[in-house]
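Right, one structure below, let's go through it.
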Amino acid sequence: MTFQGRNVLITGGAGFIGSTLAARLLSLGARITIADSLIPEYGGNMANLEGIRDRIDVNITDVRDPHAMRYLVQGKDILFNLAGQTSHMDSMADPFTDLDINARAQLSILESCRKYNPGIRIVFAGTRQIYGKPDYLPVDEEHPIRPVDINGIHKLAGEWYHLLYNSVYGIQSTVLRLTNTYGPRMRIKDARQTFVGIWIRLLLEGKPIEVWGGEQLRDFTYVDDCVEAMLLAASSPQAVGQVYNLGGDSVVSLRELAELLIQAHGSGEFIIREFPEQRKKIDIGDYYSHDGRIREELGWKPVTPLSQGLEETLKYFAARLDEYL
């Protein structure tokens, strides 16, 4: 599939990954519509659309509005379905909002596609959180699924709705289970999207980074590599009905990540803290992905070294910190 002239809808399109994807698709000749609620607690930020705002159709709307989504899916060739509530702690404090966004709204979107645009191609942004605490490492797609929080359960429901509508109604869908994605345009005002964001904010403000625990292992995907995986998923016939893990170029401990960030920034410090009791209950411990399936079937692999990605991210936010706080 070529993206030239394709009509593309991106839910969560003013967010971190969605806006990066929109810019990339524009360079490939696609016609872009984004839908984003711009609710302050979530990831949407008009600053993310700098340089592309006048070349895309922006709809400030909520994926929970079935009437809006019914209209927006019509006439689209591809839907990158990225909108979601990403905070694990918020999902525990307010489970019904998480249910509405990550499960009910996903079902509503798929129903709109079934009724008004059954030929649409969908890529859904899932999460590695659905696996829970790993039985083995690296975690492949066959690993048992045991979410440890409300967010993981609802994201799993959203994933399975897509797979069900693919197998029963022929709504061509692919699920990507994202690991820790980072890069320019990410949310840094708090830890609702990723803890890396708040670390970057603290570093740029000259404050020490708080590292909880420190020895947990993680992998990280730079946003440009994540976007490339989404493009491959949307354009590869063999990806229809499939689930793929994304991974990173390396595995590091949280302590090592803090050291890399400080090295990239040229200054800073971190403090090791005990894991807060409330968060410890839903922490998954060590996690890193086995992404061999997407490498083998679609030819994807992460190409951005972690050290380079951190440098690019810090450079981006250092120049526009006020726009993201």
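Residue numbering restarts at 1 in every chain; chains get A, B, ... in the order shown in the structure tokens, and ligands count up from 1 in that same order.
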(request) Using backbone DSSP assignments, extract all alpha helix (DSSP H) residues from segment 255-301 of chain A; output them as a PyMOL selection string. (result) chain A and resi 255-265+277-280+292-298
With N, CA, C and O atoms retained, export the selected residues as an mmCIF file, in the first residue's frame.
data_model
loop_
_atom_site.group_PDB
_atom_site.id
_atom_site.type_symbol
_atom_site.label_atom_id
_atom_site.label_comp_id
_atom_site.auth_asym_id
_atom_site.auth_seq_id
_atom_site.Cartn_x
_atom_site.Cartn_y
_atom_site.Cartn_z
ATOM 1 N N ARG A 255 17.872 2.690 36.838
ATOM 2 C CA ARG A 255 19.050 3.433 37.273
ATOM 3 C C ARG A 255 19.933 3.797 36.068
ATOM 4 O O ARG A 255 20.392 4.944 35.943
ATOM 5 N N GLU A 256 20.137 2.840 35.184
ATOM 6 C CA GLU A 256 20.950 3.109 33.991
ATOM 7 C C GLU A 256 20.285 4.140 33.088
ATOM 8 O O GLU A 256 20.970 4.975 32.473
ATOM 9 N N LEU A 257 18.958 4.087 32.999
ATOM 10 C CA LEU A 257 18.244 5.077 32.188
ATOM 11 C C LEU A 257 18.456 6.476 32.746
ATOM 12 O O LEU A 257 18.690 7.426 31.988
ATOM 13 N N ALA A 258 18.356 6.621 34.063
ATOM 14 C CA ALA A 258 18.589 7.927 34.677
ATOM 15 C C ALA A 258 20.006 8.408 34.392
ATOM 16 O O ALA A 258 20.227 9.602 34.091
ATOM 17 N N GLU A 259 20.969 7.527 34.452
ATOM 18 C CA GLU A 259 22.362 7.892 34.161
ATOM 19 C C GLU A 259 22.526 8.331 32.705
ATOM 20 O O GLU A 259 23.223 9.313 32.415
ATOM 21 N N LEU A 260 21.853 7.633 31.780
ATOM 22 C CA LEU A 260 21.921 8.003 30.366
ATOM 23 C C LEU A 260 21.294 9.375 30.113
ATOM 24 O O LEU A 260 21.817 10.169 29.324
ATOM 25 N N LEU A 261 20.178 9.643 30.787
ATOM 26 C CA LEU A 261 19.518 10.942 30.625
ATOM 27 C C LEU A 261 20.414 12.078 31.116
ATOM 28 O O LEU A 261 20.553 13.115 30.449
ATOM 29 N N ILE A 262 21.010 11.886 32.273
ATOM 30 C CA ILE A 262 21.889 12.916 32.830
ATOM 31 C C ILE A 262 23.111 13.110 31.943
ATOM 32 O O ILE A 262 23.553 14.239 31.694
ATOM 33 N N GLN A 263 23.632 12.022 31.406
ATOM 34 C CA GLN A 263 24.761 12.110 30.479
ATOM 35 C C GLN A 263 24.368 12.880 29.221
ATOM 36 O O GLN A 263 25.129 13.732 28.736
ATOM 37 N N ALA A 264 23.185 12.601 28.689
ATOM 38 C CA ALA A 264 22.725 13.290 27.479
ATOM 39 C C ALA A 264 22.503 14.775 27.740
ATOM 40 O O ALA A 264 22.750 15.612 26.861
ATOM 41 N N HIS A 265 22.054 15.116 28.943
ATOM 42 C CA HIS A 265 21.778 16.509 29.295
ATOM 43 C C HIS A 265 23.059 17.262 29.657
ATOM 44 O O HIS A 265 23.129 18.486 29.509
ATOM 45 N N GLU A 277 4.117 2.412 48.106
ATOM 46 C CA GLU A 277 3.328 1.209 48.350
ATOM 47 C C GLU A 277 2.153 1.093 47.386
ATOM 48 O O GLU A 277 1.840 0.012 46.879
ATOM 49 N N GLN A 278 1.497 2.228 47.111
ATOM 50 C CA GLN A 278 0.326 2.210 46.228
ATOM 51 C C GLN A 278 0.697 1.752 44.824
ATOM 52 O O GLN A 278 -0.042 1.030 44.170
ATOM 53 N N ARG A 279 1.870 2.198 44.336
ATOM 54 C CA ARG A 279 2.295 1.829 43.000
ATOM 55 C C ARG A 279 2.908 0.447 42.942
ATOM 56 O O ARG A 279 2.854 -0.231 41.912
ATOM 57 N N LYS A 280 3.507 0.015 44.049
ATOM 58 C CA LYS A 280 4.143 -1.301 44.075
ATOM 59 C C LYS A 280 3.132 -2.403 43.779
ATOM 60 O O LYS A 280 3.456 -3.426 43.164
ATOM 61 N N GLY A 292 10.416 -10.457 17.877
ATOM 62 C CA GLY A 292 10.846 -11.216 16.708
ATOM 63 C C GLY A 292 9.777 -11.398 15.659
ATOM 64 O O GLY A 292 10.076 -11.468 14.459
ATOM 65 N N ARG A 293 8.515 -11.445 16.076
ATOM 66 C CA ARG A 293 7.437 -11.673 15.110
ATOM 67 C C ARG A 293 7.323 -10.528 14.118
ATOM 68 O O ARG A 293 7.252 -10.746 12.904
ATOM 69 N N ILE A 294 7.324 -9.285 14.602
ATOM 70 C CA ILE A 294 7.194 -8.152 13.680
ATOM 71 C C ILE A 294 8.464 -7.961 12.869
ATOM 72 O O ILE A 294 8.427 -7.533 11.720
ATOM 73 N N ARG A 295 9.594 -8.333 13.426
ATOM 74 C CA ARG A 295 10.840 -8.255 12.657
ATOM 75 C C ARG A 295 10.797 -9.243 11.492
ATOM 76 O O ARG A 295 11.150 -8.907 10.358
ATOM 77 N N GLU A 296 10.365 -10.451 11.786
ATOM 78 C CA GLU A 296 10.354 -11.503 10.766
ATOM 79 C C GLU A 296 9.265 -11.284 9.728
ATOM 80 O O GLU A 296 9.502 -11.434 8.521
ATOM 81 N N GLU A 297 8.054 -10.936 10.163
ATOM 82 C CA GLU A 297 6.921 -10.862 9.238
ATOM 83 C C GLU A 297 6.826 -9.533 8.485
ATOM 84 O O GLU A 297 6.418 -9.507 7.321
ATOM 85 N N LEU A 298 7.192 -8.431 9.149
ATOM 86 C CA LEU A 298 7.030 -7.121 8.518
ATOM 87 C C LEU A 298 8.355 -6.422 8.232
ATOM 88 O O LEU A 298 8.376 -5.369 7.588
#
(request) Could you give me the residues within segment 156-318 of chain A that DSSP places in strand (DSSP E or B), as a PyMOL selection string? (result) chain A and resi 173-178+180-182+209-212+217-222+243-245+251-253+270-273+289
(message) So that I can check the surroundings of Val175 of chain A, please list as JSON, numbers by chain every protein, DNA and RNA residue that reaches within 6 Å of it, counting only C-alpha atoms and ignoring chain neighbours fewer than 2 positions away.
(response) {"A": [123, 124, 243]}
(message) I need the residue nearest Phe270 of chain A from this list: A:Ile200, A:Val148, A:Ile171, A:Ile130. Use only C-alpha atoms for the distance.
(response) A:Ile200
(request) Within 6 Å of Ala35 of chain A, counting only C-alpha atoms, which residues show up once you throw out same-chain ones fewer than 4 positions away? Write them as a list in words, please. (result)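 So, after excluding close chain neighbours, the residues are Thr11, Gly12, Gly13, Asn59, Ile60 and Thr61 of chain A.
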Serialized selection, N, CA and C atoms, as a JSON list (two decimals), in the first residue's frame:
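Result file is result.json:
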[["chain", "number", "residue", "atom", "x", "y", "z"],
["A", 11, "THR", "N", -7.13, 8.90, 15.61],
["A", 11, "THR", "CA", -7.70, 9.29, 16.89],
["A", 11, "THR", "C", -6.55, 9.53, 17.87],
["A", 12, "GLY", "N", -6.73, 10.53, 18.73],
["A", 12, "GLY", "CA", -5.61, 10.93, 19.57],
["A", 12, "GLY", "C", -4.53, 11.62, 18.76],
["A", 13, "GLY", "N", -4.93, 12.27, 17.67],
["A", 13, "GLY", "CA", -3.97, 12.80, 16.71],
["A", 13, "GLY", "C", -3.20, 14.02, 17.15],
["A", 59, "ASN", "N", -10.25, 17.91, 14.21],
["A", 59, "ASN", "CA", -11.57, 17.83, 14.84],
["A", 59, "ASN", "C", -11.38, 17.69, 16.35],
["A", 60, "ILE", "N", -11.80, 18.70, 17.09],
["A", 60, "ILE", "CA", -11.73, 18.62, 18.55],
["A", 60, "ILE", "C", -12.99, 17.91, 19.01],
["A", 61, "THR", "N", -12.83, 16.61, 19.22],
["A", 61, "THR", "CA", -13.97, 15.77, 19.56],
["A", 61, "THR", "C", -13.49, 14.60, 20.38]]
(message) For a quick check of understanding, using only C-alpha atoms, which of A:Asp291, A:Glu142, A:Asp100, A:Glu41 has the smallest distance to Ala157 of chain A?
(response)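 Smallest distance to Ala157 of chain A is found for A:Asp100.
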(request) Excluding Thr127 of chain A and residues on its chain fewer than 4 positions from it, collect all residues at most 8 Å away from it, counting only C-alpha atoms, and give them as a VMD selection string. (result) chain A and resid 152 155 176 to 179
Taking N, CA, C and O atoms for each residue, export the selection above as a compact mmCIF listing (two decimals), in the first residue's frame.
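Final output, part.txt:
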# COMPACT_ATOMS: atom_id res chain seq x y z
N GLY A 152 -4.98 -2.01 32.16
CA GLY A 152 -4.59 -3.17 31.38
C GLY A 152 -5.78 -4.01 30.95
O GLY A 152 -5.84 -4.52 29.82
N LYS A 155 -7.66 -2.00 28.19
CA LYS A 155 -6.90 -2.01 26.94
C LYS A 155 -6.97 -3.39 26.28
O LYS A 155 -7.00 -3.49 25.04
N LEU A 176 -0.84 -3.46 17.72
CA LEU A 176 0.55 -3.32 18.12
C LEU A 176 0.59 -3.14 19.63
O LEU A 176 -0.03 -2.21 20.17
N ARG A 177 1.29 -4.03 20.33
CA ARG A 177 1.45 -3.90 21.78
C ARG A 177 2.72 -3.10 22.05
O ARG A 177 3.83 -3.62 21.95
N LEU A 178 2.50 -1.83 22.39
CA LEU A 178 3.62 -0.91 22.55
C LEU A 178 4.28 -1.11 23.91
O LEU A 178 3.62 -1.37 24.91
N THR A 179 5.59 -0.97 23.93
CA THR A 179 6.32 -0.91 25.19
C THR A 179 6.50 0.57 25.52
O THR A 179 5.76 1.42 25.03
(request) With a distance cut-off of 7 Å and only C-alpha atoms, select the neighbouring residues of segment 73-83 of chain A, excluding the residue or stretch itself and same-chain residues fewer than 5 positions from it, and output the selection as a PyMOL selection string. (result) chain A and resi 6-12+18+113+116-117+120-125
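When only C-alpha atoms are used to compute distances to Pro66 of chain A, the closest of the residues A:Glu274, A:Asp135, A:Glu111, A:Asp149 turns out to be A:Glu111.
Distance-wise, atom CA of Arg192 of chain A and atom CA of His67 of chain A end up 28.0 Å apart.
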(message) Can you pull out the residues contacting Asp65 of chain A? Cut-off 10 Å, using only C-alpha atoms, and skip same-chain residues under 3 positions away; I want them as a list in words.
(response)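 Near neighbours after the sequence-gap exclusion: Thr61, Asp62, Ala68, Met69, Arg70, Ala105, Ser108 and Ile109 of chain A.
Closest approach to Tyr182 of chain A among A:Gly119, A:Pro40, A:Gly247, A:Pro134 is made by A:Gly247 (distances from only C-alpha atoms).
Atom CA of Arg128 of chain A is found 19.1 Å from atom CA of Pro95 of chain A.
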(message) Rounded to one decimal, what separation in Å do you get between atom CA of Asn102 of chain A and atom CA of Ile39 of chain A?
(response)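 It comes out at 15.0 Å.
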